[in-house]
>>> print(open('entry26.cif').read())   # mmCIF, C-alpha atoms
data_data
#
loop_
_atom_site.group_PDB
_atom_site.id
_atom_site.type_symbol
_atom_site.label_atom_id
_atom_site.label_comp_id
_atom_site.auth_asym_id
_atom_site.auth_seq_id
_atom_site.Cartn_x
_atom_site.Cartn_y
_atom_site.Cartn_z
ATOM 1 C CA MET A 1 6.256 32.818 7.819
ATOM 2 C CA GLY A 2 9.782 32.605 6.783
ATOM 3 C CA VAL A 3 10.535 34.953 3.953
ATOM 4 C CA GLU A 4 8.023 37.669 4.918
ATOM 5 C CA GLN A 5 9.263 37.863 8.474
ATOM 6 C CA LYS A 6 12.843 38.311 7.423
ATOM 7 C CA LEU A 7 12.174 40.809 4.656
ATOM 8 C CA GLY A 8 9.495 42.786 6.492
ATOM 9 C CA ASN A 9 7.583 45.161 4.261
ATOM 10 C CA MET A 10 9.949 45.049 1.327
ATOM 11 C CA GLY A 11 7.068 44.250 -0.982
ATOM 12 C CA VAL A 12 7.319 40.507 -1.489
ATOM 13 C CA VAL A 13 4.340 38.343 -2.212
ATOM 14 C CA THR A 14 4.362 34.590 -2.407
ATOM 15 C CA THR A 15 1.826 32.719 -4.422
ATOM 16 C CA LYS A 16 1.368 29.628 -6.512
ATOM 17 C CA LEU A 17 2.723 29.538 -10.070
ATOM 18 C CA GLU A 18 -0.664 28.538 -11.461
ATOM 19 C CA GLU A 19 -2.383 31.463 -9.846
ATOM 20 C CA LEU A 20 0.245 33.880 -11.040
ATOM 21 C CA VAL A 21 0.128 32.733 -14.606
ATOM 22 C CA ASN A 22 -3.665 32.562 -14.742
ATOM 23 C CA TRP A 23 -3.970 35.975 -13.141
ATOM 24 C CA SER A 24 -1.629 37.514 -15.671
ATOM 25 C CA ARG A 25 -3.475 35.836 -18.556
ATOM 26 C CA THR A 26 -6.876 37.063 -17.482
ATOM 27 C CA ASN A 27 -5.859 40.558 -16.548
ATOM 28 C CA ALA A 28 -4.549 41.457 -19.961
ATOM 29 C CA MET A 29 -6.319 39.302 -22.495
ATOM 30 C CA TRP A 30 -6.306 41.070 -25.851
ATOM 31 C CA PRO A 31 -9.123 40.213 -28.189
ATOM 32 C CA MET A 32 -8.759 40.045 -31.940
ATOM 33 C CA LEU A 33 -11.051 42.134 -34.073
ATOM 34 C CA PHE A 34 -13.315 39.586 -35.642
ATOM 35 C CA GLY A 35 -16.566 41.430 -36.009
ATOM 36 C CA LEU A 36 -18.332 40.062 -39.028
ATOM 37 C CA ALA A 37 -21.918 41.314 -38.866
ATOM 38 C CA CYS A 38 -24.412 42.906 -36.491
ATOM 39 C CA CYS A 39 -22.842 41.410 -33.354
ATOM 40 C CA ALA A 40 -19.802 43.524 -34.151
ATOM 41 C CA ILE A 41 -21.831 46.629 -33.353
ATOM 42 C CA GLU A 42 -22.607 45.243 -29.922
ATOM 43 C CA MET A 43 -18.952 44.341 -29.474
ATOM 44 C CA MET A 44 -18.010 47.914 -30.325
ATOM 45 C CA ALA A 45 -20.634 49.155 -27.888
ATOM 46 C CA THR A 46 -19.144 46.952 -25.197
ATOM 47 C CA GLN A 47 -15.700 48.313 -25.931
ATOM 48 C CA ALA A 48 -16.896 51.911 -25.773
ATOM 49 C CA SER A 49 -17.208 54.034 -22.692
ATOM 50 C CA ASN A 50 -20.642 53.065 -21.375
ATOM 51 C CA TYR A 51 -19.928 49.359 -20.897
ATOM 52 C CA ASP A 52 -16.203 49.471 -20.771
ATOM 53 C CA LEU A 53 -14.151 46.451 -21.753
ATOM 54 C CA SER A 54 -10.871 48.069 -20.767
ATOM 55 C CA ARG A 55 -11.661 47.453 -17.142
ATOM 56 C CA PHE A 56 -11.318 43.753 -17.969
ATOM 57 C CA GLY A 57 -7.903 44.188 -19.485
ATOM 58 C CA MET A 58 -9.074 44.512 -23.071
ATOM 59 C CA GLU A 59 -7.835 48.001 -23.581
ATOM 60 C CA LEU A 60 -7.128 47.468 -27.233
ATOM 61 C CA MET A 61 -8.463 45.067 -29.820
ATOM 62 C CA ARG A 62 -5.577 43.946 -31.956
ATOM 63 C CA ALA A 63 -6.201 43.626 -35.637
ATOM 64 C CA SER A 64 -3.342 41.188 -36.022
ATOM 65 C CA PRO A 65 -3.892 37.597 -34.904
ATOM 66 C CA ARG A 66 -0.216 37.268 -33.985
ATOM 67 C CA GLN A 67 -0.675 39.708 -31.127
ATOM 68 C CA SER A 68 -3.946 38.572 -29.610
ATOM 69 C CA ASP A 69 -5.094 35.855 -27.215
ATOM 70 C CA LEU A 70 -8.831 35.864 -27.588
ATOM 71 C CA MET A 71 -10.936 35.606 -30.715
ATOM 72 C CA ILE A 72 -14.496 36.853 -30.312
ATOM 73 C CA VAL A 73 -16.326 35.516 -33.349
ATOM 74 C CA ALA A 74 -19.068 38.108 -33.608
ATOM 75 C CA GLY A 75 -21.545 37.508 -36.377
ATOM 76 C CA ARG A 76 -22.552 34.997 -38.993
ATOM 77 C CA VAL A 77 -19.789 33.044 -40.730
ATOM 78 C CA THR A 78 -20.427 32.175 -44.373
ATOM 79 C CA ARG A 79 -19.031 29.124 -46.116
ATOM 80 C CA LYS A 80 -16.747 31.457 -48.053
ATOM 81 C CA MET A 81 -15.371 32.968 -44.840
ATOM 82 C CA ALA A 82 -14.875 29.725 -42.904
ATOM 83 C CA PRO A 83 -11.386 28.849 -44.280
ATOM 84 C CA VAL A 84 -10.264 32.414 -43.590
ATOM 85 C CA LEU A 85 -11.514 32.108 -40.015
ATOM 86 C CA ARG A 86 -9.605 28.868 -39.553
ATOM 87 C CA ARG A 87 -6.440 30.392 -40.980
ATOM 88 C CA LEU A 88 -6.614 33.371 -38.619
ATOM 89 C CA TYR A 89 -7.244 31.042 -35.689
ATOM 90 C CA ASP A 90 -4.164 29.019 -36.636
ATOM 91 C CA GLN A 91 -2.100 32.181 -36.776
ATOM 92 C CA MET A 92 -2.842 33.063 -33.167
ATOM 93 C CA PRO A 93 -0.137 31.957 -30.747
ATOM 94 C CA ASP A 94 -0.940 29.700 -27.783
ATOM 95 C CA PRO A 95 -2.612 30.147 -25.312
ATOM 96 C CA LYS A 96 -5.720 31.165 -27.164
ATOM 97 C CA TRP A 97 -9.414 31.104 -26.454
ATOM 98 C CA VAL A 98 -12.506 31.584 -28.589
ATOM 99 C CA ILE A 99 -15.779 33.184 -27.585
ATOM 100 C CA SER A 100 -18.619 32.546 -29.969
ATOM 101 C CA MET A 101 -20.759 35.653 -29.682
ATOM 102 C CA GLY A 102 -24.356 35.654 -30.731
ATOM 103 C CA ASP A 103 -26.713 33.060 -32.141
ATOM 104 C CA CYS A 104 -25.288 32.925 -35.651
ATOM 105 C CA ALA A 105 -21.805 32.044 -34.484
ATOM 106 C CA SER A 106 -23.062 29.529 -31.932
ATOM 107 C CA CYS A 107 -25.611 27.592 -33.921
ATOM 108 C CA GLY A 108 -26.339 29.295 -37.230
ATOM 109 C CA GLY A 109 -28.969 31.527 -35.679
ATOM 110 C CA VAL A 110 -31.960 32.368 -37.837
ATOM 111 C CA PHE A 111 -30.055 31.439 -41.015
ATOM 112 C CA ASN A 112 -30.534 27.721 -41.596
ATOM 113 C CA ASN A 113 -29.400 27.459 -45.230
ATOM 114 C CA TYR A 114 -26.669 26.547 -47.677
ATOM 115 C CA ALA A 115 -24.534 29.630 -47.212
ATOM 116 C CA ILE A 116 -24.044 30.017 -43.452
ATOM 117 C CA VAL A 117 -21.911 27.732 -41.296
ATOM 118 C CA GLN A 118 -24.265 26.287 -38.699
ATOM 119 C CA GLY A 119 -22.235 27.057 -35.636
ATOM 120 C CA VAL A 120 -18.618 28.134 -35.707
ATOM 121 C CA ASP A 121 -17.639 25.005 -33.755
ATOM 122 C CA GLU A 122 -17.592 23.256 -37.117
ATOM 123 C CA VAL A 123 -14.394 25.230 -37.712
ATOM 124 C CA VAL A 124 -12.686 26.249 -34.453
ATOM 125 C CA PRO A 125 -12.915 24.955 -30.861
ATOM 126 C CA VAL A 126 -15.060 27.289 -28.785
ATOM 127 C CA ASP A 127 -14.684 27.940 -25.064
ATOM 128 C CA VAL A 128 -17.680 30.109 -24.256
ATOM 129 C CA TYR A 129 -20.909 30.548 -26.192
ATOM 130 C CA VAL A 130 -22.796 33.775 -25.663
ATOM 131 C CA ALA A 131 -26.441 33.629 -26.713
ATOM 132 C CA GLY A 132 -28.473 36.532 -27.988
ATOM 133 C CA CYS A 133 -29.329 38.197 -31.237
ATOM 134 C CA PRO A 134 -27.338 40.304 -30.674
ATOM 135 C CA PRO A 135 -26.300 39.716 -27.065
ATOM 136 C CA ARG A 136 -26.496 42.783 -24.905
ATOM 137 C CA PRO A 137 -23.160 44.204 -23.781
ATOM 138 C CA GLU A 138 -23.865 42.897 -20.305
ATOM 139 C CA ALA A 139 -24.304 39.413 -21.750
ATOM 140 C CA LEU A 140 -20.995 39.636 -23.578
ATOM 141 C CA ILE A 141 -19.299 40.824 -20.408
ATOM 142 C CA HIS A 142 -20.841 37.894 -18.567
ATOM 143 C CA GLY A 143 -19.402 35.604 -21.234
ATOM 144 C CA ILE A 144 -15.977 37.185 -20.827
ATOM 145 C CA VAL A 145 -16.114 36.831 -17.052
ATOM 146 C CA THR A 146 -17.130 33.177 -17.450
ATOM 147 C CA LEU A 147 -14.103 32.693 -19.673
ATOM 148 C CA TYR A 148 -11.928 34.293 -17.020
ATOM 149 C CA GLU A 149 -13.214 31.892 -14.424
ATOM 150 C CA LYS A 150 -12.466 29.032 -16.777
ATOM 151 C CA VAL A 151 -8.925 30.318 -17.303
ATOM 152 C CA LYS A 152 -8.406 30.753 -13.575
ATOM 153 C CA GLY A 153 -9.363 27.125 -13.116
ATOM 154 C CA GLU A 154 -6.634 25.828 -15.417
ATOM 155 C CA ARG A 155 -3.960 23.697 -13.812
ATOM 156 C CA ILE A 156 -0.292 23.084 -14.532
ATOM 157 C CA LYS A 157 -0.990 19.606 -15.766
ATOM 158 C CA ASP A 158 -3.134 21.083 -18.553
ATOM 159 C CA TRP A 159 -0.299 23.180 -19.893
ATOM 160 C CA ALA A 160 2.495 20.672 -19.975
ATOM 161 C CA MET B 1 -46.533 58.503 -66.501
ATOM 162 C CA ASN B 2 -45.244 61.811 -67.621
ATOM 163 C CA GLU B 3 -45.010 62.879 -71.237
ATOM 164 C CA HIS B 4 -41.266 62.858 -71.565
ATOM 165 C CA LEU B 5 -41.119 59.248 -70.480
ATOM 166 C CA GLN B 6 -44.087 58.476 -72.692
ATOM 167 C CA SER B 7 -42.259 59.842 -75.732
ATOM 168 C CA ILE B 8 -39.116 57.886 -74.912
ATOM 169 C CA VAL B 9 -41.085 54.667 -74.462
ATOM 170 C CA GLN B 10 -42.874 55.208 -77.750
ATOM 171 C CA ALA B 11 -39.633 55.848 -79.589
ATOM 172 C CA LEU B 12 -38.147 52.652 -78.250
ATOM 173 C CA GLN B 13 -41.289 50.682 -78.976
ATOM 174 C CA GLU B 14 -41.208 51.685 -82.593
ATOM 175 C CA ARG B 15 -37.537 50.933 -82.920
ATOM 176 C CA PHE B 16 -37.513 47.522 -81.247
ATOM 177 C CA GLU B 17 -41.144 46.347 -81.519
ATOM 178 C CA ALA B 18 -41.325 45.840 -77.795
ATOM 179 C CA ASP B 19 -44.267 45.433 -75.440
ATOM 180 C CA THR B 20 -44.668 47.485 -72.335
ATOM 181 C CA TYR B 21 -45.370 46.146 -68.900
ATOM 182 C CA GLU B 22 -46.818 48.577 -66.391
ATOM 183 C CA PHE B 23 -47.091 48.118 -62.679
ATOM 184 C CA ARG B 24 -48.304 50.910 -60.416
ATOM 185 C CA ASP B 25 -47.140 53.636 -62.810
ATOM 186 C CA GLU B 26 -43.676 52.235 -63.368
ATOM 187 C CA VAL B 27 -43.041 51.289 -66.962
ATOM 188 C CA SER B 28 -41.012 48.377 -68.244
ATOM 189 C CA LEU B 29 -40.185 47.467 -71.799
ATOM 190 C CA VAL B 30 -39.972 43.802 -72.705
ATOM 191 C CA LEU B 31 -37.068 43.238 -75.101
ATOM 192 C CA ARG B 32 -35.341 40.317 -76.746
ATOM 193 C CA PRO B 33 -31.814 39.358 -75.612
ATOM 194 C CA GLU B 34 -30.046 40.532 -78.781
ATOM 195 C CA GLN B 35 -31.652 43.991 -78.597
ATOM 196 C CA ILE B 36 -30.511 44.858 -75.116
ATOM 197 C CA THR B 37 -27.126 46.423 -75.890
ATOM 198 C CA ALA B 38 -28.535 48.677 -78.593
ATOM 199 C CA ALA B 39 -31.423 49.733 -76.366
ATOM 200 C CA CYS B 40 -29.156 50.559 -73.417
ATOM 201 C CA GLN B 41 -26.774 52.445 -75.670
ATOM 202 C CA SER B 42 -29.523 54.587 -77.125
ATOM 203 C CA LEU B 43 -31.024 55.215 -73.701
ATOM 204 C CA ARG B 44 -27.692 56.295 -72.297
ATOM 205 C CA ASP B 45 -26.574 58.466 -75.208
ATOM 206 C CA ASP B 46 -29.751 59.940 -76.673
ATOM 207 C CA HIS B 47 -32.165 60.066 -73.749
ATOM 208 C CA HIS B 48 -29.730 60.767 -70.860
ATOM 209 C CA PHE B 49 -30.343 57.681 -68.713
ATOM 210 C CA GLU B 50 -26.948 57.812 -67.054
ATOM 211 C CA LEU B 51 -27.442 55.455 -64.147
ATOM 212 C CA LEU B 52 -28.046 51.721 -64.112
ATOM 213 C CA VAL B 53 -29.589 51.290 -60.691
ATOM 214 C CA GLU B 54 -29.848 47.536 -60.670
ATOM 215 C CA GLU B 55 -29.825 44.433 -62.787
ATOM 216 C CA THR B 56 -31.440 41.365 -61.289
ATOM 217 C CA ALA B 57 -33.249 38.274 -62.462
ATOM 218 C CA VAL B 58 -36.410 36.441 -61.530
ATOM 219 C CA ASP B 59 -36.994 32.714 -61.836
ATOM 220 C CA TYR B 60 -40.554 31.813 -62.770
ATOM 221 C CA TRP B 61 -40.118 28.050 -62.774
ATOM 222 C CA PRO B 62 -42.319 26.040 -63.186
ATOM 223 C CA GLU B 63 -45.213 28.411 -63.781
ATOM 224 C CA GLN B 64 -43.942 30.295 -66.823
ATOM 225 C CA THR B 65 -41.734 29.673 -69.766
ATOM 226 C CA PRO B 66 -39.405 31.381 -70.575
ATOM 227 C CA ARG B 67 -38.056 30.746 -67.138
ATOM 228 C CA PHE B 68 -35.786 33.674 -66.371
ATOM 229 C CA HIS B 69 -36.555 37.345 -66.720
ATOM 230 C CA VAL B 70 -33.554 39.617 -66.436
ATOM 231 C CA VAL B 71 -34.739 42.965 -65.102
ATOM 232 C CA TYR B 72 -32.862 46.229 -65.608
ATOM 233 C CA ARG B 73 -33.688 49.499 -63.938
ATOM 234 C CA LEU B 74 -32.392 52.717 -65.478
ATOM 235 C CA ARG B 75 -32.594 56.157 -64.027
ATOM 236 C CA SER B 76 -32.243 59.547 -65.611
ATOM 237 C CA LEU B 77 -30.932 62.023 -63.087
ATOM 238 C CA LYS B 78 -31.159 64.879 -65.552
ATOM 239 C CA HIS B 79 -34.875 64.476 -66.249
ATOM 240 C CA ASN B 80 -35.843 62.569 -63.085
ATOM 241 C CA LEU B 81 -37.217 59.472 -64.804
ATOM 242 C CA ILE B 82 -37.215 55.764 -64.044
ATOM 243 C CA LEU B 83 -37.473 53.115 -66.742
ATOM 244 C CA GLY B 84 -37.360 49.350 -66.513
ATOM 245 C CA LEU B 85 -36.318 46.757 -69.078
ATOM 246 C CA ARG B 86 -37.203 43.068 -69.005
ATOM 247 C CA VAL B 87 -35.556 40.317 -71.029
ATOM 248 C CA PRO B 88 -37.173 36.871 -70.941
ATOM 249 C CA LEU B 89 -34.662 34.036 -71.212
ATOM 250 C CA ASP B 90 -35.044 30.332 -71.692
ATOM 251 C CA GLY B 91 -33.924 27.910 -69.015
ATOM 252 C CA ASN B 92 -31.532 25.649 -70.984
ATOM 253 C CA SER B 93 -28.076 27.308 -70.663
ATOM 254 C CA PRO B 94 -29.408 30.868 -70.672
ATOM 255 C CA SER B 95 -27.093 33.416 -72.205
ATOM 256 C CA MET B 96 -27.366 36.971 -73.434
ATOM 257 C CA PRO B 97 -25.073 39.881 -74.354
ATOM 258 C CA SER B 98 -23.460 41.798 -71.541
ATOM 259 C CA ILE B 99 -23.988 45.537 -71.127
ATOM 260 C CA THR B 100 -20.694 46.227 -69.356
ATOM 261 C CA SER B 101 -19.533 48.184 -72.379
ATOM 262 C CA VAL B 102 -22.471 50.553 -71.889
ATOM 263 C CA TYR B 103 -22.752 50.723 -68.108
ATOM 264 C CA ALA B 104 -19.581 49.749 -66.250
ATOM 265 C CA ASN B 105 -21.342 48.960 -62.980
ATOM 266 C CA ALA B 106 -23.150 46.073 -64.637
ATOM 267 C CA ASN B 107 -19.942 44.062 -64.121
ATOM 268 C CA TRP B 108 -20.714 42.822 -60.615
ATOM 269 C CA PHE B 109 -24.460 42.649 -61.243
ATOM 270 C CA GLU B 110 -23.847 40.199 -64.059
ATOM 271 C CA ARG B 111 -21.335 38.235 -62.003
ATOM 272 C CA GLU B 112 -23.986 37.895 -59.320
ATOM 273 C CA LEU B 113 -26.523 36.675 -61.910
ATOM 274 C CA TRP B 114 -24.036 34.114 -63.177
ATOM 275 C CA ASP B 115 -23.389 32.969 -59.624
ATOM 276 C CA MET B 116 -26.980 32.803 -58.490
ATOM 277 C CA PHE B 117 -28.881 31.819 -61.663
ATOM 278 C CA GLY B 118 -26.361 30.497 -64.160
ATOM 279 C CA ILE B 119 -27.071 33.138 -66.812
ATOM 280 C CA ARG B 120 -24.029 33.546 -69.054
ATOM 281 C CA PHE B 121 -23.160 36.986 -70.354
ATOM 282 C CA GLU B 122 -21.211 37.103 -73.602
ATOM 283 C CA GLY B 123 -18.664 39.865 -73.790
ATOM 284 C CA HIS B 124 -18.285 40.095 -70.024
ATOM 285 C CA PRO B 125 -14.617 40.676 -69.166
ATOM 286 C CA ASP B 126 -14.460 38.572 -65.995
ATOM 287 C CA LEU B 127 -17.384 36.200 -65.437
ATOM 288 C CA ARG B 128 -16.839 34.282 -62.193
ATOM 289 C CA ARG B 129 -18.591 33.716 -58.893
ATOM 290 C CA VAL B 130 -18.921 36.666 -56.588
ATOM 291 C CA LEU B 131 -21.054 35.604 -53.590
ATOM 292 C CA MET B 132 -20.472 31.859 -53.224
ATOM 293 C CA PRO B 133 -17.021 30.250 -52.797
ATOM 294 C CA TYR B 134 -15.200 29.905 -56.090
ATOM 295 C CA ASP B 135 -15.457 26.109 -56.227
ATOM 296 C CA TRP B 136 -19.184 25.915 -55.439
ATOM 297 C CA VAL B 137 -21.296 23.717 -57.668
ATOM 298 C CA GLY B 138 -24.781 24.834 -58.526
ATOM 299 C CA HIS B 139 -26.687 28.071 -58.832
ATOM 300 C CA PRO B 140 -28.416 28.737 -55.500
ATOM 301 C CA LEU B 141 -31.207 31.148 -56.336
ATOM 302 C CA ARG B 142 -32.908 28.944 -58.902
ATOM 303 C CA LYS B 143 -36.208 27.584 -57.754
ATOM 304 C CA ASP B 144 -35.105 23.961 -58.067
ATOM 305 C CA TYR B 145 -32.044 24.381 -55.840
ATOM 306 C CA PRO B 146 -32.480 22.699 -52.427
ATOM 307 C CA LEU B 147 -32.644 24.862 -49.330
ATOM 308 C CA GLY B 148 -29.622 23.251 -47.731
ATOM 309 C CA TYR B 149 -30.789 23.532 -44.159
ATOM 310 C CA GLU B 150 -29.621 21.594 -41.138
ATOM 311 C CA GLU B 151 -32.087 19.544 -39.131
ATOM 312 C CA VAL B 152 -32.931 20.706 -35.641
ATOM 313 C CA GLN B 153 -30.833 18.811 -33.151
ATOM 314 C CA PHE B 154 -33.157 16.942 -30.835
ATOM 315 C CA SER B 155 -32.072 14.135 -28.577
ATOM 316 C CA PHE B 156 -32.858 11.407 -31.096
ATOM 317 C CA ASN B 157 -30.553 12.803 -33.800
ATOM 318 C CA PHE B 158 -28.043 14.409 -31.452
ATOM 319 C CA ASP B 159 -25.123 12.217 -32.489
ATOM 320 C CA GLU B 160 -25.685 12.477 -36.248
ATOM 321 C CA ILE B 161 -25.446 16.247 -36.128
ATOM 322 C CA ASN B 162 -22.569 16.243 -33.661
ATOM 323 C CA VAL B 163 -20.440 14.375 -36.200
ATOM 324 C CA ARG B 164 -20.247 17.550 -38.223
ATOM 325 C CA LYS B 165 -19.110 19.593 -35.239
ATOM 326 C CA PRO B 166 -15.762 18.123 -34.189
ATOM 327 C CA TYR B 167 -14.903 20.802 -31.684
ATOM 328 C CA ALA B 168 -18.177 20.880 -29.804
ATOM 329 C CA GLN B 169 -17.533 17.873 -27.650
ATOM 330 C CA GLU B 170 -14.980 19.327 -25.245
#
>>> encode(input="entry26.cif", output="structure tokens")
Amino acid sequence: MGVEQKLGNMGVVTTKLEELVNWSRTNAMWPMLFGLACCAIEMMATQASNYDLSRFGMELMRASPRQSDLMIVAGRVTRKMAPVLRRLYDQMPDPKWVISMGDCASCGGVFNNYAIVQGVDEVVPVDVYVAGCPPRPEALIHGIVTLYEKVKGERIKDWA
Amino acid sequence: MNEHLQSIVQALQERFEADTYEFRDEVSLVLRPEQITAACQSLRDDHHFELLVEETAVDYWPEQTPRFHVVYRLRSLKHNLILGLRVPLDGNSPSMPSITSVYANANWFERELWDMFGIRFEGHPDLRRVLMPYDWVGHPLRKDYPLGYEEVQFSFNFDEINVRKPYAQE
């Protein structure tokens, strides 16, 4: 009604601001390279041509935290690495999300000792946990799609 | 063991009055801490053992004294030989000469031994922690170091463990 009738097929679309912003965030979410250990291999496999991550908008993985929105913590985090992880997370601009990939990042995995942080949520807030040792590429993609659904459900009152 | 290695081992035994320790046809010489630099020097220069493959330590507490054995493994690429060296060390502030002047790759091996066992190496250019964070207290690979594990989070201790995870409650 209204605007479309007057303008005809001039290529105008009306939508809600929330939907527009969430759609643009999910369609081009750039992950940061944070492959620490074996889960990084599965992350690389997911990025490669067989299970393609570029079809989800993640064409490139930025090495710089200043240019990325998503941090996929892939692999075990040692006590020596934890402050570095926190610093890189702080350097990412808002809005940012964290996927904890694999068992070691989610809960310490098989390594229950003095050297490994038992779950990266001791250090950064996590949005999606992906289980597996290592998770299959399909599992990681399922985690990413779950994160997208979470982002699409965000409302204006959460941003302001 | 082949004759070349046999002759080398005999020469070193006479020079240092050392015992040998054999395990499945690999030979080790047991030396005292002050002899190690001279032995490594003579092995590298006279007998062509160019490569220090590894330098590790074993903790035999509480079964044996002396508590630590520092184990070296030398390899001669020219003659295709493997020789081991063992140095028993006492447990109270263990220290021994460093062999970084002989084999340069012993630098990080000895840093790892300082980090994990607390064995000091005199003459080491840069002895500090290499695996653990720099302000860590304790030497983790000793047998009397606690495991440091986290309890499994069941429903009865759910809250105690959640205290340590501030971001998990969203």
>>> resolve_selection(input="entry26.cif", expression="the PyMOL selection byres ((chain A) within 7 of (chain B))", output="list in words")
Lys80, Asn112, Asn113, Tyr114, Asp121, Glu122, Val124 and Pro125 of chain A
>>> resolve_selection(input="entry26.cif", expression="the PyMOL selection byres ((chain A and resi 117) around 8)", output="ChimeraX atom specification")
/A:76-79,82,108,115-116,118-120,122
>>> write_last_selection(input="entry26.cif", atoms="C-alpha atoms", output="CSV table (one decimal), keeping the file's coordinate frame")
chain,number,residue,atom,x,y,z
A,76,ARG,CA,-22.6,35.0,-39.0
A,77,VAL,CA,-19.8,33.0,-40.7
A,78,THR,CA,-20.4,32.2,-44.4
A,79,ARG,CA,-19.0,29.1,-46.1
A,82,ALA,CA,-14.9,29.7,-42.9
A,108,GLY,CA,-26.3,29.3,-37.2
A,115,ALA,CA,-24.5,29.6,-47.2
A,116,ILE,CA,-24.0,30.0,-43.5
A,118,GLN,CA,-24.3,26.3,-38.7
A,119,GLY,CA,-22.2,27.1,-35.6
A,120,VAL,CA,-18.6,28.1,-35.7
A,122,GLU,CA,-17.6,23.3,-37.1
>>> resolve_selection(input="entry26.cif", expression="the PyMOL selection byres ((chain A and resi 105) around 12)", output="number ranges by chain")
A: 34-40, 72-78, 82, 85, 98-104, 106-111, 116-126, 128-135
>>> atom_distance(input="entry26.cif", atom1="CA of Val27 in chain B", atom2="CA of Glu122 in chain B")
26.9 Å
>>> residues_around(input="entry26.cif", residues="Asp45 in chain B", least_positions_apart="6", cutoff="12 Å", atoms="all atoms listed in the file", output="ChimeraX atom specification")
/B:38-39,51,76,102-103
>>> residues_around(input="entry26.cif", residues="Ile99 in chain B", least_positions_apart="2", cutoff="9 Å", atoms="only C-alpha atoms", output="PyMOL selection string")
chain B and resi 36-37+40-41+97+101-104+106-107+110+121+123-124
>>> atom_distance(input="entry26.cif", atom1="CA of Phe68 in chain B", atom2="CA of Gly91 in chain B")
6.6 Å
>>> atom_distance(input="entry26.cif", atom1="CA of Arg73 in chain B", atom2="CA of Glu14 in chain B")
20.2 Å
>>> build_atoms(input="entry26.cif", residues="range 131-146 of chain A", atoms="N, CA and C atoms", output="tab-separated table (two decimals), in the coordinates of the input")
chain	number	residue	atom	x	y	z
A	131	ALA	N	-25.20	33.65	-25.93
A	131	ALA	CA	-26.44	33.63	-26.71
A	131	ALA	C	-27.01	35.03	-26.82
A	132	GLY	N	-27.84	35.23	-27.82
A	132	GLY	CA	-28.47	36.53	-27.99
A	132	GLY	C	-28.41	36.93	-29.45
A	133	CYS	N	-29.32	37.80	-29.85
A	133	CYS	CA	-29.33	38.20	-31.24
A	133	CYS	C	-29.61	39.68	-31.36
A	134	PRO	N	-28.67	40.57	-31.19
A	134	PRO	CA	-27.34	40.30	-30.67
A	134	PRO	C	-27.33	40.29	-29.16
A	135	PRO	N	-26.32	39.70	-28.54
A	135	PRO	CA	-26.30	39.72	-27.06
A	135	PRO	C	-26.06	41.13	-26.56
A	136	ARG	N	-26.70	41.47	-25.49
A	136	ARG	CA	-26.50	42.78	-24.90
A	136	ARG	C	-25.05	42.89	-24.43
A	137	PRO	N	-24.53	44.08	-24.31
A	137	PRO	CA	-23.16	44.20	-23.78
A	137	PRO	C	-22.98	43.53	-22.43
A	138	GLU	N	-24.01	43.58	-21.60
A	138	GLU	CA	-23.86	42.90	-20.30
A	138	GLU	C	-23.73	41.40	-20.49
A	139	ALA	N	-24.41	40.85	-21.50
A	139	ALA	CA	-24.30	39.41	-21.75
A	139	ALA	C	-22.91	39.06	-22.24
A	140	LEU	N	-22.35	39.91	-23.10
A	140	LEU	CA	-21.00	39.64	-23.58
A	140	LEU	C	-20.00	39.73	-22.44
A	141	ILE	N	-20.21	40.70	-21.55
A	141	ILE	CA	-19.30	40.82	-20.41
A	141	ILE	C	-19.43	39.62	-19.50
A	142	HIS	N	-20.65	39.11	-19.36
A	142	HIS	CA	-20.84	37.89	-18.57
A	142	HIS	C	-20.11	36.72	-19.19
A	143	GLY	N	-20.14	36.66	-20.54
A	143	GLY	CA	-19.40	35.60	-21.23
A	143	GLY	C	-17.91	35.73	-21.00
A	144	ILE	N	-17.41	36.98	-21.03
A	144	ILE	CA	-15.98	37.18	-20.83
A	144	ILE	C	-15.59	36.82	-19.40
A	145	VAL	N	-16.43	37.16	-18.44
A	145	VAL	CA	-16.11	36.83	-17.05
A	145	VAL	C	-16.16	35.33	-16.84
A	146	THR	N	-17.09	34.65	-17.53
A	146	THR	CA	-17.13	33.18	-17.45
A	146	THR	C	-15.85	32.58	-18.02
